[in-house]
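Comments concern the structure below.
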There are 4 protein chains.
Amino acid sequence: MALLIRNADIVNADSRYTADILCEDGVISRIGPGIAAPAGAEVIDASGKFVFPGFIDPHTHIYLPFMGTYSKDDYESGTKAALVGGTTTIFEMVCPSRDMSPADGFATWRAQAEGKACCDYAFHMGVTRFDAESAAQLREIVTREGVTSFKIFLAYKGAFGIDDAELWGTLKLARELGVVVAAHCENETLVAQLQRELLAAGRTGPEAHHDSRPPRVEAEGVHHLMSFAEQTGARTYIVHLSCRDALDEALAARARGVRVSIETLIQYLVLDKTYAELPDFEGAKYVMSPPLRDRSNQEILWSGLASGLVDTLGTDHAPFDFQTQKPMGRDDFTKIPNGIPSIEDRINLLYTHGVRRGRITLQQMVAVASTNAAKIFGLHPRKGVIQPGADADLVIYDPDYRGTLSAKTQTQNVDYNAFEGWAIEGRPSLVTVRGEVAVRDGRFVGTVGRGQLLRRSLDTDA
Amino acid sequence: MALLIRNADIVNADSRYTADILCEDGVISRIGPGIAAPAGAEVIDASGKFVFPGFIDPHTHIYLPFMGTYSKDDYESGTKAALVGGTTTIFEMVCPSRDMSPADGFATWRAQAEGKACCDYAFHMGVTRFDAESAAQLREIVTREGVTSFKIFLAYKGAFGIDDAELWGTLKLARELGVVVAAHCENETLVAQLQRELLAAGRTGPEAHHDSRPPRVEAEGVHHLMSFAEQTGARTYIVHLSCRDALDEALAARARGVRVSIETLIQYLVLDKTYAELPDFEGAKYVMSPPLRDRSNQEILWSGLASGLVDTLGTDHAPFDFQTQKPMGRDDFTKIPNGIPSIEDRINLLYTHGVRRGRITLQQMVAVASTNAAKIFGLHPRKGVIQPGADADLVIYDPDYRGTLSAKTQTQNVDYNAFEGWAIEGRPSLVTVRGEVAVRDGRFVGTVGRGQLLRRSLDTDA
Amino acid sequence: MALLIRNADIVNADSRYTADILCEDGVISRIGPGIAAPAGAEVIDASGKFVFPGFIDPHTHIYLPFMGTYSKDDYESGTKAALVGGTTTIFEMVCPSRDMSPADGFATWRAQAEGKACCDYAFHMGVTRFDAESAAQLREIVTREGVTSFKIFLAYKGAFGIDDAELWGTLKLARELGVVVAAHCENETLVAQLQRELLAAGRTGPEAHHDSRPPRVEAEGVHHLMSFAEQTGARTYIVHLSCRDALDEALAARARGVRVSIETLIQYLVLDKTYAELPDFEGAKYVMSPPLRDRSNQEILWSGLASGLVDTLGTDHAPFDFQTQKPMGRDDFTKIPNGIPSIEDRINLLYTHGVRRGRITLQQMVAVASTNAAKIFGLHPRKGVIQPGADADLVIYDPDYRGTLSAKTQTQNVDYNAFEGWAIEGRPSLVTVRGEVAVRDGRFVGTVGRGQLLRRSLDTDA
Amino acid sequence: MALLIRNADIVNADSRYTADILCEDGVISRIGPGIAAPAGAEVIDASGKFVFPGFIDPHTHIYLPFMGTYSKDDYESGTKAALVGGTTTIFEMVCPSRDMSPADGFATWRAQAEGKACCDYAFHMGVTRFDAESAAQLREIVTREGVTSFKIFLAYKGAFGIDDAELWGTLKLARELGVVVAAHCENETLVAQLQRELLAAGRTGPEAHHDSRPPRVEAEGVHHLMSFAEQTGARTYIVHLSCRDALDEALAARARGVRVSIETLIQYLVLDKTYAELPDFEGAKYVMSPPLRDRSNQEILWSGLASGLVDTLGTDHAPFDFQTQKPMGRDDFTKIPNGIPSIEDRINLLYTHGVRRGRITLQQMVAVASTNAAKIFGLHPRKGVIQPGADADLVIYDPDYRGTLSAKTQTQNVDYNAFEGWAIEGRPSLVTVRGEVAVRDGRFVGTVGRGQLLRRSLDTDA
C-alpha cells in the first residue's frame with residue numbers, strides 16, 4: 001500500500017527542504033511538490049513536524065547472555081521500543097562465547113531475531129577468538145551473509161576478549177575483506193587489577209565502578225587499537241567512547257591517517273558519574289562500561305558531535321532489571337550486570353538536550369543518529385537518507401509534544417527507566433518501516449516479524 | 001536545450017551508482033535508468049567514464065592588484081581555464097585596498113566578472129578594514145547580494161591585513177549574520193622581521209622565501225584565529241593550510257568546539273620547498289604564501305583529505321608571468337609576486353596523484369574538490385552534488401586519457417606552467433555549465449559571459 | 001659575627017643530609033659534622049627542624065602604581081613580611097609607564113628599595129616600550145647593573161603592554177645579551193572586548209572577572225610568546241601560569257626546543273574561582289590576573305611542580321586594601337586593583353598543602369620555591385643552595401608548629417588576608433639574611449636596610 | 001695516595017668555577033683555591049682543560065647472552081673501554097632467562113663482574129618473569145644488595161618479555177619498595193607480525209629492520225607503560241627512546257603527573273636509518289632496537305637534552321663482531337644480534353656533536369651524561385657531581401685534542417667501530433676511579449678489579 005506524506009519538512013544530514021514524499025513498495029518512490037495520491041494511498045499531512053530518515057542505533061544488545069544472566073528484551077520488545085523512540089534500524093552484536101564457533105554464533109543470533117524483529121536489523125559479527133577455523137567461518141559470514149562489520153573486545157579477556165595476536169589477525173582479515181572493526185576499548189588487566197584493589201579496600205558498591213575503569217584505562221584501550229589499526233591498515237570504529245582522554249587519543253590517530261570512526265552514547269551526554277553514586281544501590285541502575293564520567297566530559301562530546309569529530313550516537317542498550325538482576329552485584333560491583341537501557345529514549349533525549357538546547361543542529365542530529373552509521377556500516381543510501389530509492393523508513397517528529405520518560409509508560413522490557421521523570425520536548429508521532437506505519441502517537445501498531453536482516457556493502461575505500 | 005547523459009557512473013561524495021541524467025532548463029531534471037531522450041536533446045554516452053558534480057575552486061584570484069602589478073588572467077581566460085580543468089564554480093576574493101570602501105570594492109570586482117565569466121562564480125567579501133561605516137556596508141552586501149563569506153588577512157598588515165580589534169569586530173559581525181570568515185593565517189610581524197633579517201644576511205633569492213614564513217609562523221596565525229573564533233563563536237575557514245604544525249593547531253581547536261573548516265591547496269600536495277630552490281631564479285615560479293613546505297607535510301595533508309579532517313582543496317590561483325612579473329623580485333624575494341597558477345590543473349593533478357595513487361577515493365575527491373565547499377559556503381545542494389534540482393554543472397571524466405601539462409597547451413593566461421611536463425592520467429572529456437556544454441575534449445566551446453554571480457545562503461547552525 | 005647551626009637537617013633541591021653549618025662574614029664558610037664554634041659565635045641547635053636555603057619569590061610587586069593607586073607595602077613592610085614567611089630574596093618588576101624612560105624607571109625603583117629593604121632583592125627590568133633609545137638604556141642597565149632579566153606584558157596594551165614589533169625587538173636584544181624575558185601572557189584585545197561585553201551585559205561584579213580572562217585567553221598569550229621566542233631564540237619565562245590550557249601550550253613549545261621556564265603562584269594551587277564569587281564584594285579580595293581558575297587545574301599544577309615541568313612558585317604579591325582600594329571597582333570589576341597578597345604566606349601554604357599532603361617532596365619544595373629561581377635568574381649558587389661559599393640565607397623550619405593565618409597577626413601591610421583562618425602546619429622558627437638573624441619565632445628582629453640589590457649573571461647557554 | 005688537581009675548570013650540572021681539587025682516600029676531600037699538596041700527592045695541572053664528574057652510562061650490556069651468542073666484551077675489556085672514553089660508572093642489566101630465578105641471575109652477573117671490573121658498576125635487576133617466588137627474591141635483592149632499579153621488556157615476549165599481569169605486579173612491587181623501573185618499550189606482537197610480513201615479502205636484509213619496528217610501535221610501548229605507571233604510581237624510566245612519536249607520548253604522560261624519566265642514546269643523536277641501509281650487509285653493524293630512525297628525529301632529541309625533557313644519555317652497548325656474529329642474520333634480519341657498540345665513544349661524540357656544534361652546553365652535557373643518572377638511580381651525590389665527599393671519579397678533558405675513531409685503535413672488544421673514521425674534537429686526558437688514575441692520554445693505566453658493585457639508595461619521593 002502506498003503512503004503519501006504531504007508538506008514534509010525533510011531533514012537530511014546535508015539538506016533540508018519541504019516537499020511531499022511518496023512511498024511505494026517499501027521504498028521512497030518520489031519526492032517533490034504536490035504529488036498526487038495514488039489510489040488507496042494513506043495520506044498524512046506532516047505540517048508543523050519534521051520528517052527524518054529513520055534513526056539507526058549502531059550499538060544495541062537484545063539477546064545478551066552476560067555475567068550469568070540474560071538481558072530482558074527479546075527482539076519483539078526491543079525493536080518495538082526502538083520504533084516507538086524513532087529508531088528504525090538496530091545493530092546488534094553476535095556475541096559467541098569463546099567456545100562457540102562463529103557460524104554457530106551467527107545462527108544463534110539470527111534465530112533470535114527472525115520472526116520477531118519489528119524493524120530491520122544488522123549484526124556486528126563478534127570475534128571472540130581468532131584462529132584458522134574462525135577465520136574461514138568469518139570469511140563466509142561476511143561474503144555470504146553481507147555481515148560487513150566485526151566487533152571485538154579489548155576488555156573482558158578470558159570471556160569475550162581477544163589477545164594481541166588475535167587482534168592482529170582480526171584486523172588483517174578485516175582489511176583484506178573491507179570489513180569495519182568495531183571495538184570496545186579498555187585495557188583488561190588494568191580493569192581486573194583495579195577491581196581487585198577496590199574490593200580489597202572494601203569499596204564494593206556501584207560508586208566504585210568508575211574508579212575501576214578510569215578515563216586513562218579507556219584511553220589506553222583506544223591507543224592500543226589505534227596502534228594496531230595503523231600497522232594493519234584496517235578500518236576501525238570505537239564503540240561507546242565516553243571521555244576526553246579517549247577522544248584525544250582517537251583524534252590524534254585520525255590526524256596521522258589511522259582510519260577510525262567514533263561512537264558515543266546518549267548516556268554519556270546527559271548523565272554523569274554522580275548517578276552511579278546514588279545511595280541505596282540506586283547507583284546500580286547507572287552501571288555500564290565504560291562508566292559514566294565526570295560531567296566535564298559532556299561538553300567535549302557534544303561539541304564532537306557538532307563538529308563531526310564524533311561520528312555516531314548509540315545506546316549500548318542492555319536492559320537488566322533493577323529488582324532481580326542488578327542485585328547480583330549488591331556486595332560486589334564487578335558482578336552488577338552492565339547496561340543503562342536507552343533504546344527507546346535516545347532520540348527524544350538527543351532532540352531535547354541537543355537540538356533544543358542549541359548544542360547541535362537538526363541536521364547534525366540526523367547525521368549522528370542515522371546517516372553516519374548508514375555510511376560507515378554499508379547501508380547508505382538504502383538507509384540514513386530521505387531520497388528516491390531509499391527504504392521508506394521515516395520518522396515524523398512532533399516538536400510540540402511535551403512528555404515525561406518513565407518506566408511505567410515505556411515499551412522496553414525492563415523494570416526501571418534511568419531517566420525517570422525527565423521531561424522530553426518532542427516525540428515521533430509516526431514511524432514507518434519500509435512504508436508500513438509501525439508507530440502512531442507513541443504506540444506500536446506495526447507488524448511483528450516484519451524486520452529483516454540487512455545485507456550490507458563492504459568498504460571500498462581500501 | 002535538453003541534454004541527456006546515458007550510462008553515467010555517477011560519483012557523489014556520498015553515493016555512487018549508474019544511471020541516466022537528464023538536464024533541462026539548466027538543472028538536473030531527472031536521474032534514473034533508461035530515460036527517454038526529449039525531442040532535440042543532445043545525447044551523450046558516458047560509458048567508461050565518471051560523471052562528477054562540477055568541481056568548485058574555493059580560492060582563486062582573477063582580478064588581483066598585488067605588489068604593484070596585476071595577475072594576468074581576466075574573468076574570461078580564468079574561467080575558461082577553470083572549465084577546461086573541470087571546475088565549474090570559482091570563488092574569488094573581493095580585495096579592496098584599505099582606502100577603498102567595501103561597497104566600492106564589491107562593485108569593482110563585480111564589474112570585472114560581469115559579461116566575461118564563463119562559469120558561475122561567488123565572492124568572498126574581503127574585510128581589509130573594519131569600522132562602523134565598513135560594517136554597515138558589509139551588512140548590506142551580505143544580506144542584499146547573498147555574499148555570505150568574508151575573507152581576512154592576518155598577514156599583510158598595513159596593506160590588507162587587519163589588527164586584533166578589527167578581527168574581533170569582523171568575527172562578531174559574521175557571527176551575528178551567519179557568515180563564514182575565511183582567513184589567511186600567518187603572523188605579520190614575524191614575517192616582516194624574518195624577511196628583514198634574511199635580506200640583511202644577503203639571502204635575497206626565492207629560496208629564502210620559505211624561511212621568512214616557516215611553519216610555526218603559519219601555526220601562530222592559525223592559533224590566533226582559533227582563539228578569536230572561540231571567544232566570538234564565529235564560523236571560520238582557514239585558507240591554504242600548508243603544513244602539519246598549522247593543521248595540529250586547527251584540529252586541537254576543533255576538538256574543543258571551535259567552528260573551523262580547513263582548506264589546503266593542490267600545490268602543497270604535489271610540490272615541496274625544493275622547487276623554490278631551483279637555480280637561475282626558476283624558483284620564483286614556485287613562490288607563494290604560505291610557501292611550499294618540506295615534503296614530509298604532503299602525507300599529512302593527503303591523509304587529512306582522506307579522513308575528512310581537511311575539508312576542501314583549492315588553488316589560490318594567482319598567475320604572474322615568469323618573464324615580466326616575477327622578476328620584480330629578482331634582487332629581493334619579498335618583491336616576487338606570489339602565486340603558482342593551478343586553476344586549470346587542480347582536478348587532473350588530484351585525480352592523478354590522489355585517486356590513482358590510492359591516497360584518496362573517487363568519492364573523497366568529489367567531497368574535497370566540490371561538495372564540501374558547496375556546503376560550507378551556502379551553495380549546497382544547488383552545487384556540489386548530482387541530484388534532481390541541482391544545477392546541471394557536470395564533469396564527464398575520462399580515466400583513460402593520458403597527457404602532459406604544459407604552458408604551451410594551457411588555457412590559463414600565464415607564460416609558464418609550474419607542472420611543465422608532468423603526466424596526467426585522466427581529463428574531463430565534457431563539462432557543462434548549467435546544462436550547456438562548455439568544454440569538449442579539452443577545448444572551451446561554451447558561452448563567454450554565461451557565468452552568474454551566485455547568491456548564497458547563510459549559516460543556520462548558529 | 002659568626003653563626004653556627006648544629007644538627008641541621010639540610011634540605012637542598014638535590015641533596016639532603018645532616019651536618020653543622022658555620023656562617024661567617026655573611027656566607028656559609030663550612031658544612032660538616034661537629035664543627036667547633038668560633039669565639040663569640042651564636043650557636044643554634046636545629047634538631048628536629050629542617051634547614052632550607054632561603055626561599056626566593058621570583059614575582060612580587062612592592063612599589064606598584066596600578067590603576068590609579070599604589071599597593072600598600074613599601075620595601076620595609078614588604079621585605080619584613082617576606083622574611084617572616086621564610087623568603088630571603090625577592091624579585092620585583094621595575095615598571096615604568098610608557099612615558100618614563102628605562103633609566104628613570106630603574107632609578108625610581110632603586111630609590112624605593114635602598115635603605116629600606118630588609119632582605120636582598122633583584123629587579124626584572126620592565127620593558128614597557130621598545131625603541132632605539134630604550135634599547136640603549138636597557139643595554140646599560142643589564143651590563144652595568146647586573147639586571148639580567150626583562151619583564152613584559154602582552155596584556156595591558158596602551159598601559160604597560162608592548163606590541164608585536166616591540167616584542168620582537170625586546171626578545172632579540174635579550175637573546176643578544178643573554179637576558180631572560182619574563183612575560184605576562186594574556187591577549188589584550190580579547191580581554192578588553194570580553195570586559196566590554198560583560199559590563200554591557202550587566203555583569204559588573206568580581207565574579208565576572210574570570211570570564212573576562214578565560215583560560216584560552218591566557219593560552220593564546222602563551223602561544224604567542226612561544227612563537228616569538230622560537231623565531232628569536234630568546235630565553236623566556238612565563239609568569240603566573242594558572243591553568244592546564246596555558247601549560248599545555250608552554251610544554252608543547254618546550255618539546256620543540258623553545259627555551260621557556262614556567263612560574264605558577266601559590267594562589268592558583270590552593271584557591272579557585274569560587275572565591276571570587278563570594279557575595280558582598282568579598283570576591284574582590286580574590287581578583288588577580290590571570291584569574292583564579294576552576295579547581296580542576298590545581299592538580300595539574302601540583303603535578304607540574306612535582307615533575308619539574310613547572311619551574312618556580314611565586315606570589316605576584318600586590319597588596320591593596322579591601323576597605324579603601326578594592327572598592328574602586330565596586331561597580332565595575334575591571335577597576336578593582338588586582339592582587340592577592342601572599343608574600344608572607346607562600347612557604348607555609350606550600351609546605352602545608354604540598355609537602356604535608358604528599359603532593360610534593362621536601363626537596364621539590366626547595367627546588368620550586370628557591371633553587372630553580374636562583375638558577376634561572378643568575379643567582380645560583382650564591383642563592384638557592386646550602387653549600388660553602390653561598391650566602392648565609394637560611395631558614396630553620398619548624399614542622400611541629402601549628403598556627404592560623406590572619407590579617408590580625410600578619411606583617412604585610414594590607415587590611416585583609418586571603419587565607420583568613422586557614423591552618424598552617426609549619427613555620428620558620430629562624431631566618432637569616434647573609435648570616436644575620438632576621439626572624440625569630442615569627443617576629444622580625446633584623447636590620448632595616450640590610451638588603452642589597454643583587455647583581456646577577458647572564459645566561460651563558462646561548 | 002692523594003691526588004691534587006690544580007686550576008680545575010670544574011663543570012658540574014649546576015655550577016662552573018675554577019678551583020683546586022684534592023682527592024684523598026678515594027673521595028674528594030677539599031675544593032678551593034690554592035690548596036697545598038699533601039706529602040706524596042700527585043699534582044696535576046688541569047689548566048686549559050675541563051674537569052667533569054666521572055660520566056655514567058646508565059645502559060650497557062657486558063655479559064649478554066643474546067640470540068644464541070654472547071656479546072664480546074667482558075667486564076675487563078668493557079670497563080677499560082668505558083674509562084678510556086671518560087665513563088667511570090656503568091649500569092648493566094642482570095638479564096636472567098625466564099627459567100632462571102632472580103637470585104641466580106643476580107649471582108651470575110655479579111660473578112661476571114667481580115675481580116674484573118675496572119670502574120664502579122651497578123645493576124638494573126631484570127624482571128623477566130613475575131610471580132610470588134620472584135617477588136620474594138626481588139625484594140631481597142633490593143633491600144639486601146642495594147639494587148634499587150628493575151629492568152623490564154615490553155618487547156621480546158616469550159624470551160625476556162613480561163605480560164600485562166606481570167607488568168602490574170612488577171610496578172606495584174617497585175612502588176612499594178621505592179624502586180625505579182626501567183623499561184624497553186615496543187609492542188611485542190606488532191614487531192613479531194611485521195617481521196613475519198617483511199620476511200614473507202622477501203625483505204630479509206638489515207635495511208628491513210627499521211620497518212619491523214616503526215616509530216609508532218615504540219610509541220605504543222611507551223603509551224602502554226605510561227598507562228600502567230599511572231595506575232600503579234610507580235616511578236619509571238624509558239630506556240633508549242629513539243623518536244619524536246615516543247617522546248610525545250612520554251611527555252604527555254609526564255604532564256598529567258606520571259613519574260617517568262627518559263633516556264636516549266648517543267647513536268640516535270648522530271646516526272640515522274640510512275646507515276642500516278648500507279650495502280653488502282654493512283647495514284648489520286647498525287642494527288639495534290629500537291632501530292636507528294629518520295634523521296628528522298635527531299633535532300628533537302638534541303633539543304630534549306637541552307631543555308631537560310630528556311634526562312639521560314646511554315649507549316645500550318652490546319658488542320657483536322661483524323665478521324662472525326652479525327652474519328647469523330645474513331639471510332634473516334631478525335637473527336642479527338642487536339647492538340651498536342659505543343661505550344667508549346659516547347662522551348667524545350656528545351662533546352663533538354653536542355657541545356661543539358652548539359646544541360647543548362657543557363653543563364647540560366654533564367647533566368645528561370652523568371648527574372641525572374646519578375640522581376635517578378640513587379647514586380647522587382656520591383657520583384655525578386664534583387663536591388667534597390663525593391667519590392673522586394674525575395675526568396680531565398682536553399678540548400684541544402683532535403683525533404679519529406677507529407676499530408684499530410679502540411679498547412672495546414669488537415671487530416668494528418660504527419663511527420669508523422669520524423673526527424672527534426676532544427678527549428679525556430686523565431680519568432680517575434675513586435682517586436686512582438685509571439687513564440692517561442687515552443690508555444688504561446689503572447687496576448683491573450678495582451671496580452665495586454654500588455649499593456644505591458631508594459626513591460624517597462613516594
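Chain labels follow the order of the C-alpha cells: the first chain is A, the next B, and so on; residue numbering restarts at 1 in every chain, and ligands are counted from 1 in their shown order.
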Fill in: Selection: 10 Å around A:Ala423, only C-alpha atoms, excl. self and same-chain fewer than 5 positions, as a list in words
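The residues satisfying every condition are Asn348, Leu349, Thr352, Arg402, Gly403, Thr404, Leu405 and Ser406 of chain A.
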Considering only C-alpha atoms, tabulate each residue of chain B that lies at most 10 Å from chain C along with its nearest interatomic pair and the corresponding distance in Å to one decimal; arrange the rows by chain and ascending residue number and present them as a Markdown table.
| residue | atom | partner | partner_atom | distance |
| --- | --- | --- | --- | --- |
| B:Asp163 | CA | C:Thr189 | CA | 9.6 |
| B:Asp164 | CA | C:Thr189 | CA | 6.3 |
| B:Ala165 | CA | C:Thr189 | CA | 6.3 |
| B:Glu166 | CA | C:Thr189 | CA | 9.8 |
| B:Leu167 | CA | C:Thr189 | CA | 9.5 |
| B:Trp168 | CA | C:Gln193 | CA | 7.9 |
| B:Gly169 | CA | C:Gln193 | CA | 9.4 |
| B:Asn187 | CA | C:Ser227 | CA | 9.3 |
| B:Glu188 | CA | C:Asp164 | CA | 9.0 |
| B:Thr189 | CA | C:Ala165 | CA | 6.2 |
| B:Leu190 | CA | C:Phe228 | CA | 7.4 |
| B:Ala192 | CA | C:Ala165 | CA | 9.3 |
| B:Gln193 | CA | C:Trp168 | CA | 7.8 |
| B:Leu194 | CA | C:Gln231 | CA | 8.2 |
| B:Pro214 | CA | C:Gln231 | CA | 9.1 |
| B:Arg216 | CA | C:Ser227 | CA | 6.8 |
| B:Val217 | CA | C:Ser227 | CA | 7.1 |
| B:Glu218 | CA | C:Ser227 | CA | 9.9 |
| B:Ala219 | CA | C:Ser227 | CA | 8.6 |
| B:Glu220 | CA | C:Ser227 | CA | 6.3 |
| B:Gly221 | CA | C:His224 | CA | 9.2 |
| B:His223 | CA | C:Glu220 | CA | 7.3 |
| B:His224 | CA | C:Glu220 | CA | 6.7 |
| B:Leu225 | CA | C:Glu220 | CA | 9.8 |
| B:Met226 | CA | C:Glu220 | CA | 9.0 |
| B:Ser227 | CA | C:Glu220 | CA | 6.3 |
| B:Phe228 | CA | C:Leu190 | CA | 7.4 |
| B:Glu230 | CA | C:Arg216 | CA | 8.4 |
| B:Gln231 | CA | C:Leu190 | CA | 7.7 |
| B:Thr232 | CA | C:Leu194 | CA | 9.3 |
Worksheet item: Which polymer residues have any atom within 10 Å of an atom of C:Ala276, counting only C-alpha atoms, with same-chain residues fewer than 5 positions away left out, as a PyMOL selection string?
Response: chain C and resi 205-210+271+281-288+291-293
Discussion item. Give me the residues near stretch 79-85 of chain C as a PyMOL selection string, where near means some atom within 8 Å (using only C-alpha atoms) and where sequence neighbours in that chain fewer than 6 positions away do not count.
Written reply: chain C and resi 117-119+343-348+410-412+427-428+431+438-439+442-444
Worksheet entry | All helix (DSSP H, G or I) positions in stretch 166-282 of chain A, as a PyMOL selection string | chain A and resi 166-177+188-200+206-212+215-232+244-255+266-270+273-277+282
